[in-house]
>>> print(open('start17.pdb').read())   # PDB, C-alpha atoms
MODEL        1
ATOM      1  CA  MET A   1      13.194 -36.876  42.166  1.00  0.00           C
ATOM      2  CA  SER A   2      10.321 -35.245  40.359  1.00  0.00           C
ATOM      3  CA  HIS A   3      10.743 -32.321  38.057  1.00  0.00           C
ATOM      4  CA  ASP A   4       7.784 -29.970  38.006  1.00  0.00           C
ATOM      5  CA  LEU A   5       6.587 -28.530  34.733  1.00  0.00           C
ATOM      6  CA  ILE A   6       4.465 -25.384  34.514  1.00  0.00           C
ATOM      7  CA  ILE A   7       2.695 -24.841  31.173  1.00  0.00           C
ATOM      8  CA  MET A   8       0.970 -21.540  30.428  1.00  0.00           C
ATOM      9  CA  ASP A   9      -0.734 -20.426  27.222  1.00  0.00           C
ATOM     10  CA  GLU A  10      -0.484 -16.674  26.599  1.00  0.00           C
ATOM     11  CA  PRO A  11      -0.366 -15.901  30.349  1.00  0.00           C
ATOM     12  CA  PHE A  12       0.197 -12.160  29.865  1.00  0.00           C
ATOM     13  CA  THR A  13      -2.759 -11.498  27.567  1.00  0.00           C
ATOM     14  CA  GLY A  14      -4.996  -8.811  28.997  1.00  0.00           C
ATOM     15  CA  LEU A  15      -2.704  -7.965  31.899  1.00  0.00           C
ATOM     16  CA  ASP A  16      -1.633  -4.411  32.589  1.00  0.00           C
ATOM     17  CA  PRO A  17       2.139  -3.825  32.865  1.00  0.00           C
ATOM     18  CA  VAL A  18       2.158  -4.030  36.688  1.00  0.00           C
ATOM     19  CA  ASN A  19       0.386  -7.387  36.832  1.00  0.00           C
ATOM     20  CA  ALA A  20       2.360  -8.750  33.869  1.00  0.00           C
ATOM     21  CA  GLY A  21       5.532  -7.885  35.797  1.00  0.00           C
ATOM     22  CA  LEU A  22       4.237  -9.603  38.937  1.00  0.00           C
ATOM     23  CA  LEU A  23       3.349 -12.747  36.983  1.00  0.00           C
ATOM     24  CA  MET A  24       6.786 -12.782  35.359  1.00  0.00           C
ATOM     25  CA  GLU A  25       8.410 -12.519  38.801  1.00  0.00           C
ATOM     26  CA  VAL A  26       6.424 -15.571  39.954  1.00  0.00           C
ATOM     27  CA  LEU A  27       7.443 -17.542  36.853  1.00  0.00           C
ATOM     28  CA  LEU A  28      11.117 -16.594  37.286  1.00  0.00           C
ATOM     29  CA  GLU A  29      10.935 -17.597  40.945  1.00  0.00           C
ATOM     30  CA  GLN A  30       9.544 -20.993  39.929  1.00  0.00           C
ATOM     31  CA  ARG A  31      12.352 -21.411  37.404  1.00  0.00           C
ATOM     32  CA  ALA A  32      14.903 -20.542  40.110  1.00  0.00           C
ATOM     33  CA  ARG A  33      13.384 -23.350  42.228  1.00  0.00           C
ATOM     34  CA  GLY A  34      14.191 -25.834  39.480  1.00  0.00           C
ATOM     35  CA  ARG A  35      10.827 -25.995  37.782  1.00  0.00           C
ATOM     36  CA  THR A  36      10.567 -25.900  34.018  1.00  0.00           C
ATOM     37  CA  VAL A  37       8.317 -23.088  32.798  1.00  0.00           C
ATOM     38  CA  LEU A  38       6.896 -23.465  29.307  1.00  0.00           C
ATOM     39  CA  PHE A  39       4.752 -20.676  27.948  1.00  0.00           C
ATOM     40  CA  SER A  40       3.460 -19.538  24.611  1.00  0.00           C
ATOM     41  CA  THR A  41       3.452 -15.868  23.783  1.00  0.00           C
ATOM     42  CA  HIS A  42       3.430 -13.391  20.945  1.00  0.00           C
ATOM     43  CA  ARG A  43       5.469 -10.957  23.056  1.00  0.00           C
ATOM     44  CA  MET A  44       8.975 -11.365  21.689  1.00  0.00           C
ATOM     45  CA  ASP A  45      10.378  -8.824  24.167  1.00  0.00           C
ATOM     46  CA  GLN A  46       9.419 -11.145  27.040  1.00  0.00           C
ATOM     47  CA  VAL A  47      10.985 -14.107  25.277  1.00  0.00           C
ATOM     48  CA  GLU A  48      14.257 -12.217  24.752  1.00  0.00           C
ATOM     49  CA  LYS A  49      14.444 -11.177  28.402  1.00  0.00           C
ATOM     50  CA  HIS A  50      13.387 -14.345  30.163  1.00  0.00           C
ATOM     51  CA  CYS A  51      13.671 -17.533  28.095  1.00  0.00           C
ATOM     52  CA  ASP A  52      16.590 -19.944  28.105  1.00  0.00           C
ATOM     53  CA  SER A  53      15.380 -21.847  25.081  1.00  0.00           C
ATOM     54  CA  ILE A  54      13.044 -20.789  22.267  1.00  0.00           C
ATOM     55  CA  ALA A  55      10.881 -22.704  19.804  1.00  0.00           C
ATOM     56  CA  LEU A  56       9.125 -20.888  16.959  1.00  0.00           C
ATOM     57  CA  ILE A  57       6.145 -22.865  15.719  1.00  0.00           C
ATOM     58  CA  TYR A  58       4.160 -21.599  12.757  1.00  0.00           C
ATOM     59  CA  ARG A  59       1.169 -23.449  11.296  1.00  0.00           C
ATOM     60  CA  GLY A  60       2.140 -26.564  13.220  1.00  0.00           C
ATOM     61  CA  ARG A  61       5.731 -26.580  11.955  1.00  0.00           C
ATOM     62  CA  LEU A  62       8.825 -25.979  14.052  1.00  0.00           C
ATOM     63  CA  LEU A  63      10.738 -23.233  12.212  1.00  0.00           C
ATOM     64  CA  LEU A  64      13.380 -22.288  14.798  1.00  0.00           C
ATOM     65  CA  ASN A  65      14.595 -23.637  18.084  1.00  0.00           C
ATOM     66  CA  GLY A  66      17.559 -23.151  20.363  1.00  0.00           C
ATOM     67  CA  THR A  67      18.974 -20.541  22.669  1.00  0.00           C
ATOM     68  CA  LEU A  68      18.528 -16.873  21.884  1.00  0.00           C
ATOM     69  CA  ASN A  69      22.280 -16.560  21.237  1.00  0.00           C
ATOM     70  CA  ASP A  70      22.252 -19.470  18.777  1.00  0.00           C
ATOM     71  CA  ILE A  71      19.220 -18.115  16.943  1.00  0.00           C
ATOM     72  CA  LYS A  72      20.741 -14.625  16.696  1.00  0.00           C
ATOM     73  CA  LYS A  73      24.080 -16.069  15.564  1.00  0.00           C
ATOM     74  CA  ASP A  74      22.252 -17.806  12.704  1.00  0.00           C
ATOM     75  CA  ASN A  75      20.517 -14.524  11.767  1.00  0.00           C
ATOM     76  CA  PRO A  76      23.229 -11.875  11.530  1.00  0.00           C
ATOM     77  CA  ALA A  77      22.642  -8.148  11.725  1.00  0.00           C
ATOM     78  CA  ARG A  78      21.465  -6.583   8.486  1.00  0.00           C
ATOM     79  CA  ARG A  79      20.044  -3.329   9.851  1.00  0.00           C
ATOM     80  CA  LEU A  80      22.126  -0.178   9.891  1.00  0.00           C
ATOM     81  CA  LEU A  81      21.230   3.132  11.535  1.00  0.00           C
ATOM     82  CA  VAL A  82      22.879   6.119   9.873  1.00  0.00           C
ATOM     83  CA  ARG A  83      22.998   9.851  10.527  1.00  0.00           C
ATOM     84  CA  PHE A  84      24.809  12.008   8.014  1.00  0.00           C
ATOM     85  CA  SER A  85      25.086  15.404   6.425  1.00  0.00           C
ATOM     86  CA  GLY A  86      25.850  16.168   2.820  1.00  0.00           C
ATOM     87  CA  ASN A  87      25.495  13.996  -0.245  1.00  0.00           C
ATOM     88  CA  SER A  88      22.951  11.164   0.107  1.00  0.00           C
ATOM     89  CA  SER A  89      23.977   9.239  -3.020  1.00  0.00           C
ATOM     90  CA  PHE A  90      25.375   6.390  -0.888  1.00  0.00           C
ATOM     91  CA  LEU A  91      21.733   5.535  -0.074  1.00  0.00           C
ATOM     92  CA  GLU A  92      21.345   4.292  -3.666  1.00  0.00           C
ATOM     93  CA  LEU A  93      23.968   1.521  -3.455  1.00  0.00           C
ATOM     94  CA  ASP A  94      22.737  -1.909  -4.585  1.00  0.00           C
ATOM     95  CA  CYS A  95      23.686  -3.467  -1.223  1.00  0.00           C
ATOM     96  CA  ILE A  96      20.874  -1.436   0.395  1.00  0.00           C
ATOM     97  CA  ILE A  97      17.651  -3.366  -0.069  1.00  0.00           C
ATOM     98  CA  ALA A  98      15.346  -1.135   2.001  1.00  0.00           C
ATOM     99  CA  LYS A  99      15.463   2.216   3.756  1.00  0.00           C
ATOM    100  CA  LYS A 100      13.265   4.188   6.107  1.00  0.00           C
ATOM    101  CA  GLU A 101      13.902   7.813   6.841  1.00  0.00           C
ATOM    102  CA  TYR A 102      13.103   9.223  10.255  1.00  0.00           C
ATOM    103  CA  ALA A 103      13.642  12.675  11.716  1.00  0.00           C
ATOM    104  CA  GLY A 104      17.407  12.962  11.839  1.00  0.00           C
ATOM    105  CA  SER A 105      18.346   9.396  10.903  1.00  0.00           C
ATOM    106  CA  THR A 106      17.935   6.699   8.291  1.00  0.00           C
ATOM    107  CA  GLU A 107      17.469   2.981   8.868  1.00  0.00           C
ATOM    108  CA  LEU A 108      18.893   0.732   6.179  1.00  0.00           C
ATOM    109  CA  ILE A 109      18.437  -2.968   5.530  1.00  0.00           C
ATOM    110  CA  VAL A 110      21.614  -4.150   3.863  1.00  0.00           C
ATOM    111  CA  ASN A 111      22.710  -7.286   2.069  1.00  0.00           C
ATOM    112  CA  GLY A 112      26.232  -8.644   1.728  1.00  0.00           C
ATOM    113  CA  ASP A 113      29.184  -9.036   4.050  1.00  0.00           C
ATOM    114  CA  ASP A 114      30.860  -5.949   2.592  1.00  0.00           C
ATOM    115  CA  ALA A 115      27.795  -3.645   2.711  1.00  0.00           C
ATOM    116  CA  VAL A 116      28.995  -1.496   5.630  1.00  0.00           C
ATOM    117  CA  GLN A 117      32.432  -1.085   4.094  1.00  0.00           C
ATOM    118  CA  ARG A 118      30.924  -0.132   0.718  1.00  0.00           C
ATOM    119  CA  ILE A 119      28.637   2.443   2.345  1.00  0.00           C
ATOM    120  CA  ILE A 120      31.525   4.045   4.246  1.00  0.00           C
ATOM    121  CA  GLU A 121      33.779   4.119   1.172  1.00  0.00           C
ATOM    122  CA  HIS A 122      31.076   5.687  -0.993  1.00  0.00           C
ATOM    123  CA  ALA A 123      30.248   8.275   1.674  1.00  0.00           C
ATOM    124  CA  VAL A 124      33.920   9.258   1.958  1.00  0.00           C
ATOM    125  CA  LYS A 125      34.310   9.538  -1.826  1.00  0.00           C
ATOM    126  CA  SER A 126      31.211  11.729  -2.088  1.00  0.00           C
ATOM    127  CA  ASN A 127      32.237  14.012   0.814  1.00  0.00           C
ATOM    128  CA  THR A 128      29.341  12.839   2.959  1.00  0.00           C
ATOM    129  CA  ARG A 129      29.883  13.314   6.675  1.00  0.00           C
ATOM    130  CA  LEU A 130      28.695  10.231   8.590  1.00  0.00           C
ATOM    131  CA  THR A 131      27.955  11.321  12.147  1.00  0.00           C
ATOM    132  CA  HIS A 132      26.518   7.997  13.324  1.00  0.00           C
ATOM    133  CA  LEU A 133      26.795   4.498  11.914  1.00  0.00           C
ATOM    134  CA  GLU A 134      25.459   1.597  13.950  1.00  0.00           C
ATOM    135  CA  LEU A 135      25.006  -2.017  12.944  1.00  0.00           C
ATOM    136  CA  VAL A 136      21.963  -3.203  14.896  1.00  0.00           C
ATOM    137  CA  GLU A 137      21.520  -6.804  15.995  1.00  0.00           C
ATOM    138  CA  PRO A 138      18.130  -8.106  14.874  1.00  0.00           C
ATOM    139  CA  THR A 139      15.501  -8.467  17.562  1.00  0.00           C
ATOM    140  CA  LEU A 140      13.744 -11.768  18.018  1.00  0.00           C
ATOM    141  CA  GLU A 141      10.676 -10.071  16.539  1.00  0.00           C
ATOM    142  CA  ASP A 142      12.678  -9.214  13.382  1.00  0.00           C
ATOM    143  CA  ILE A 143      13.862 -12.826  13.133  1.00  0.00           C
ATOM    144  CA  PHE A 144      10.334 -14.139  13.769  1.00  0.00           C
ATOM    145  CA  ILE A 145       8.819 -11.995  11.009  1.00  0.00           C
ATOM    146  CA  GLU A 146      11.550 -12.844   8.500  1.00  0.00           C
ATOM    147  CA  THR A 147      11.379 -16.567   9.287  1.00  0.00           C
ATOM    148  CA  VAL A 148       7.589 -16.729   9.025  1.00  0.00           C
ATOM    149  CA  ARG A 149       7.594 -14.733   5.778  1.00  0.00           C
ATOM    150  CA  GLY A 150      10.287 -17.018   4.374  1.00  0.00           C
ATOM    151  CA  SER A 151       8.318 -20.136   5.295  1.00  0.00           C
ATOM    152  CA  ALA A 152       5.163 -18.701   3.718  1.00  0.00           C
ATOM    153  CA  GLY A 153       7.026 -17.867   0.517  1.00  0.00           C
ATOM    154  CA  GLU A 154       6.425 -14.124   0.807  1.00  0.00           C
TER     155      GLU A 154
ENDMDL
END
>>> encode(input="start17.pdb", output="C-alpha coordinates")
Amino acid sequence: MSHDLIIMDEPFTGLDPVNAGLLMEVLLEQRARGRTVLFSTHRMDQVEKHCDSIALIYRGRLLLNGTLNDIKKDNPARRLLVRFSGNSSFLELDCIIAKKEYAGSTELIVNGDDAVQRIIEHAVKSNTRLTHLELVEPTLEDIFIETVRGSAGE
(Lines of atoms letter the chains of each structure in order from A and count residues from 1; the text may use other names and numbers.)
(Lines give C-alpha, C1' and ligand atoms only; values in the text may rest on other atoms or scores of the structure.)
Protein backbone atom coordinates (compact mmCIF):
# COMPACT_ATOMS: atom_id res chain seq x y z
CA MET A 1 0.00 0.00 0.00
CA SER A 2 1.51 3.29 -1.04
CA HIS A 3 1.17 6.43 0.98
CA ASP A 4 1.10 9.58 -1.10
CA LEU A 5 3.00 12.63 0.04
CA ILE A 6 2.21 16.14 -1.18
CA ILE A 7 4.93 18.74 -0.55
CA MET A 8 4.24 22.43 -1.13
CA ASP A 9 6.51 25.40 -0.46
CA GLU A 10 4.61 28.57 0.51
CA PRO A 11 1.54 27.54 -1.55
CA PHE A 12 -0.58 30.51 -0.42
CA THR A 13 1.88 33.26 -1.33
CA GLY A 14 0.28 35.75 -3.68
CA LEU A 15 -3.19 34.23 -3.49
CA ASP A 16 -6.22 36.33 -2.67
CA PRO A 17 -8.38 35.08 0.23
CA VAL A 18 -10.87 33.29 -2.05
CA ASN A 19 -8.23 31.29 -3.91
CA ALA A 20 -6.25 30.62 -0.71
CA GLY A 21 -9.45 29.15 0.76
CA LEU A 22 -10.02 26.99 -2.33
CA LEU A 23 -6.45 25.68 -2.20
CA MET A 24 -6.80 24.89 1.50
CA GLU A 25 -10.01 22.95 0.77
CA VAL A 26 -8.14 20.86 -1.82
CA LEU A 27 -5.30 20.17 0.63
CA LEU A 28 -7.74 19.19 3.40
CA GLU A 29 -9.56 16.91 0.97
CA GLN A 30 -6.27 15.21 0.10
CA ARG A 31 -5.51 14.76 3.80
CA ALA A 32 -8.97 13.22 4.31
CA ARG A 33 -8.10 10.72 1.55
CA GLY A 34 -5.11 9.56 3.56
CA ARG A 35 -2.41 11.57 1.88
CA THR A 36 0.22 13.36 3.92
CA VAL A 37 0.36 17.08 3.15
CA LEU A 38 3.58 18.86 4.06
CA PHE A 39 3.79 22.57 3.45
CA SER A 40 5.96 25.45 4.53
CA THR A 41 4.36 28.74 5.40
CA HIS A 42 4.84 31.93 7.34
CA ARG A 43 1.09 32.12 7.96
CA MET A 44 0.75 30.89 11.53
CA ASP A 45 -3.05 31.28 11.44
CA GLN A 46 -3.23 28.61 8.72
CA VAL A 47 -0.95 26.33 10.70
CA GLU A 48 -3.12 26.68 13.82
CA LYS A 49 -6.30 25.88 11.91
CA HIS A 50 -5.18 23.05 9.68
CA CYS A 51 -2.01 21.25 10.80
CA ASP A 52 -1.86 18.08 12.87
CA SER A 53 1.85 18.35 13.50
CA ILE A 54 4.16 21.38 13.43
CA ALA A 55 7.90 21.81 12.97
CA LEU A 56 9.53 25.21 13.45
CA ILE A 57 12.83 25.42 11.61
CA TYR A 58 14.96 28.53 11.93
CA ARG A 59 18.34 28.93 10.22
CA GLY A 60 18.44 25.21 9.51
CA ARG A 61 17.77 24.22 13.13
CA LEU A 62 14.64 22.50 14.41
CA LEU A 63 13.46 24.67 17.32
CA LEU A 64 9.99 23.21 17.98
CA ASN A 65 8.02 20.22 16.85
CA GLY A 66 4.90 18.39 17.91
CA THR A 67 1.18 18.90 17.94
CA LEU A 68 -0.26 22.36 18.44
CA ASN A 69 -1.62 21.29 21.85
CA ASP A 70 1.79 20.02 22.98
CA ILE A 71 3.55 23.17 21.80
CA LYS A 72 1.00 25.42 23.53
CA LYS A 73 1.18 23.33 26.71
CA ASP A 74 4.95 23.93 26.77
CA ASN A 75 4.40 27.69 26.29
CA PRO A 76 1.83 28.76 28.87
CA ALA A 77 -0.25 31.91 28.69
CA ARG A 78 1.55 35.04 29.84
CA ARG A 79 -0.69 37.66 28.24
CA LEU A 80 -3.47 39.29 30.21
CA LEU A 81 -6.16 41.62 28.87
CA VAL A 82 -7.50 44.02 31.49
CA ARG A 83 -10.20 46.68 31.59
CA PHE A 84 -10.54 48.70 34.75
CA SER A 85 -11.58 51.98 36.28
CA GLY A 86 -9.90 53.80 39.12
CA ASN A 87 -6.37 53.51 40.43
CA SER A 88 -3.84 52.17 37.89
CA SER A 89 -1.02 51.52 40.37
CA PHE A 90 -1.39 47.74 39.91
CA LEU A 91 0.13 48.25 36.43
CA GLU A 92 3.48 48.95 38.13
CA LEU A 93 3.84 45.53 39.80
CA ASP A 94 7.16 43.78 39.13
CA CYS A 95 5.38 40.71 37.72
CA ILE A 96 4.29 42.84 34.73
CA ILE A 97 7.14 42.85 32.24
CA ALA A 98 5.40 44.74 29.40
CA LYS A 99 2.18 46.63 28.81
CA LYS A 100 0.36 48.14 25.87
CA GLU A 101 -2.56 50.46 26.32
CA TYR A 102 -5.37 50.48 23.80
CA ALA A 103 -8.64 52.39 23.73
CA GLY A 104 -10.52 50.98 26.68
CA SER A 105 -8.18 48.12 27.61
CA THR A 106 -4.63 47.25 28.55
CA GLU A 107 -2.63 44.22 27.44
CA LEU A 108 -0.08 42.96 29.94
CA ILE A 109 2.74 40.46 29.57
CA VAL A 110 3.20 38.88 32.97
CA ASN A 111 5.80 36.67 34.58
CA GLY A 112 5.32 34.23 37.44
CA ASP A 113 2.69 31.69 38.37
CA ASP A 114 1.14 34.07 40.90
CA ALA A 115 1.02 37.16 38.63
CA VAL A 116 -2.75 37.13 38.08
CA GLN A 117 -3.43 36.66 41.77
CA ARG A 118 -1.04 39.49 42.68
CA ILE A 119 -2.68 41.83 40.17
CA ILE A 120 -6.17 41.08 41.50
CA GLU A 121 -5.09 41.49 45.14
CA HIS A 122 -3.37 44.81 44.44
CA ALA A 123 -6.36 46.10 42.46
CA VAL A 124 -8.72 45.21 45.32
CA LYS A 125 -6.47 46.88 47.92
CA SER A 126 -6.24 50.06 45.84
CA ASN A 127 -10.01 50.22 45.17
CA THR A 128 -9.54 49.59 41.46
CA ARG A 129 -12.59 48.17 39.73
CA LEU A 130 -11.56 45.39 37.32
CA THR A 131 -14.31 45.07 34.73
CA HIS A 132 -12.53 42.52 32.53
CA LEU A 133 -9.63 40.20 33.22
CA GLU A 134 -8.73 37.58 30.64
CA LEU A 135 -5.72 35.30 30.49
CA VAL A 136 -5.03 34.81 26.78
CA GLU A 137 -3.47 31.65 25.39
CA PRO A 138 -0.47 32.52 23.22
CA THR A 139 -0.96 32.20 19.49
CA LEU A 140 1.43 30.11 17.47
CA GLU A 141 2.77 33.40 16.08
CA ASP A 142 3.55 34.57 19.65
CA ILE A 143 5.34 31.29 20.36
CA PHE A 144 7.20 31.46 17.03
CA ILE A 145 8.48 34.99 17.69
CA GLU A 146 9.51 34.21 21.27
CA THR A 147 11.24 30.97 20.27
CA VAL A 148 13.15 32.56 17.39
CA ARG A 149 14.19 35.53 19.54
CA GLY A 150 15.33 33.16 22.28
CA SER A 151 17.39 31.11 19.83
CA ALA A 152 18.99 34.26 18.41
CA GLY A 153 19.87 35.49 21.89
CA GLU A 154 17.73 38.62 21.63
>>> residues_around(input="start17.pdb", residues="Thr147 of chain A", least_positions_apart="4", cutoff="8 Å", atoms="only C-alpha atoms", output="MDAnalysis selection string")
chainID A and resid 63 143 151
>>> closest_atom_pairs(input="start17.pdb", of="segment 109-151 of chain A", to="segment 90-101 of chain A", cutoff="7 Å", atoms="all atoms listed in the file", output="Markdown table")
| residue | atom | partner | partner_atom | distance |
| --- | --- | --- | --- | --- |
| A:Ile109 | CA | A:Ala98 | CA | 5.0 |
| A:Val110 | CA | A:Ile96 | CA | 4.5 |
| A:Asn111 | CA | A:Cys95 | CA | 5.1 |
| A:Gly112 | CA | A:Cys95 | CA | 6.5 |
| A:Ala115 | CA | A:Cys95 | CA | 5.7 |
| A:Ile119 | CA | A:Phe90 | CA | 6.1 |
| A:His122 | CA | A:Phe90 | CA | 5.7 |
| A:Ala123 | CA | A:Phe90 | CA | 5.8 |
>>> residues_around(input="start17.pdb", residues="segment 128-140 of chain A", least_positions_apart="6", cutoff="6 Å", atoms="only C-alpha atoms", output="list in words")
Ala77, Arg79, Leu80, Leu81, Val82, Arg83, Phe84, Ser85, Gly86 and Asn87 of chain A
>>> resolve_selection(input="start17.pdb", expression="the PyMOL selection byres ((chain A and resi 52) around 9)", output="list in words")
Val47, Glu48, His50, Cys51, Ser53, Ile54, Gly66, Thr67 and Leu68 of chain A
>>> closest_residue(input="start17.pdb", among="A:Pro11, A:Ala55, A:Asp114, A:Leu38", to="Met24 of chain A", atoms="all atoms listed in the file")
A:Pro11
>>> atom_distance(input="start17.pdb", atom1="atom CA of Arg78 of chain A", atom2="atom CA of Phe39 of chain A")
29.3 Å
>>> atom_distance(input="start17.pdb", atom1="atom CA of Asp70 of chain A", atom2="atom CA of Arg31 of chain A")
21.2 Å
>>> atom_distance(input="start17.pdb", atom1="atom CA of Met8 of chain A", atom2="atom CA of Gly34 of chain A")
16.6 Å
>>> closest_residue(input="start17.pdb", among="A:Ser88, A:Asp113, A:Lys125, A:Gln46", to="Pro17 of chain A", atoms="only C-alpha atoms")
A:Gln46
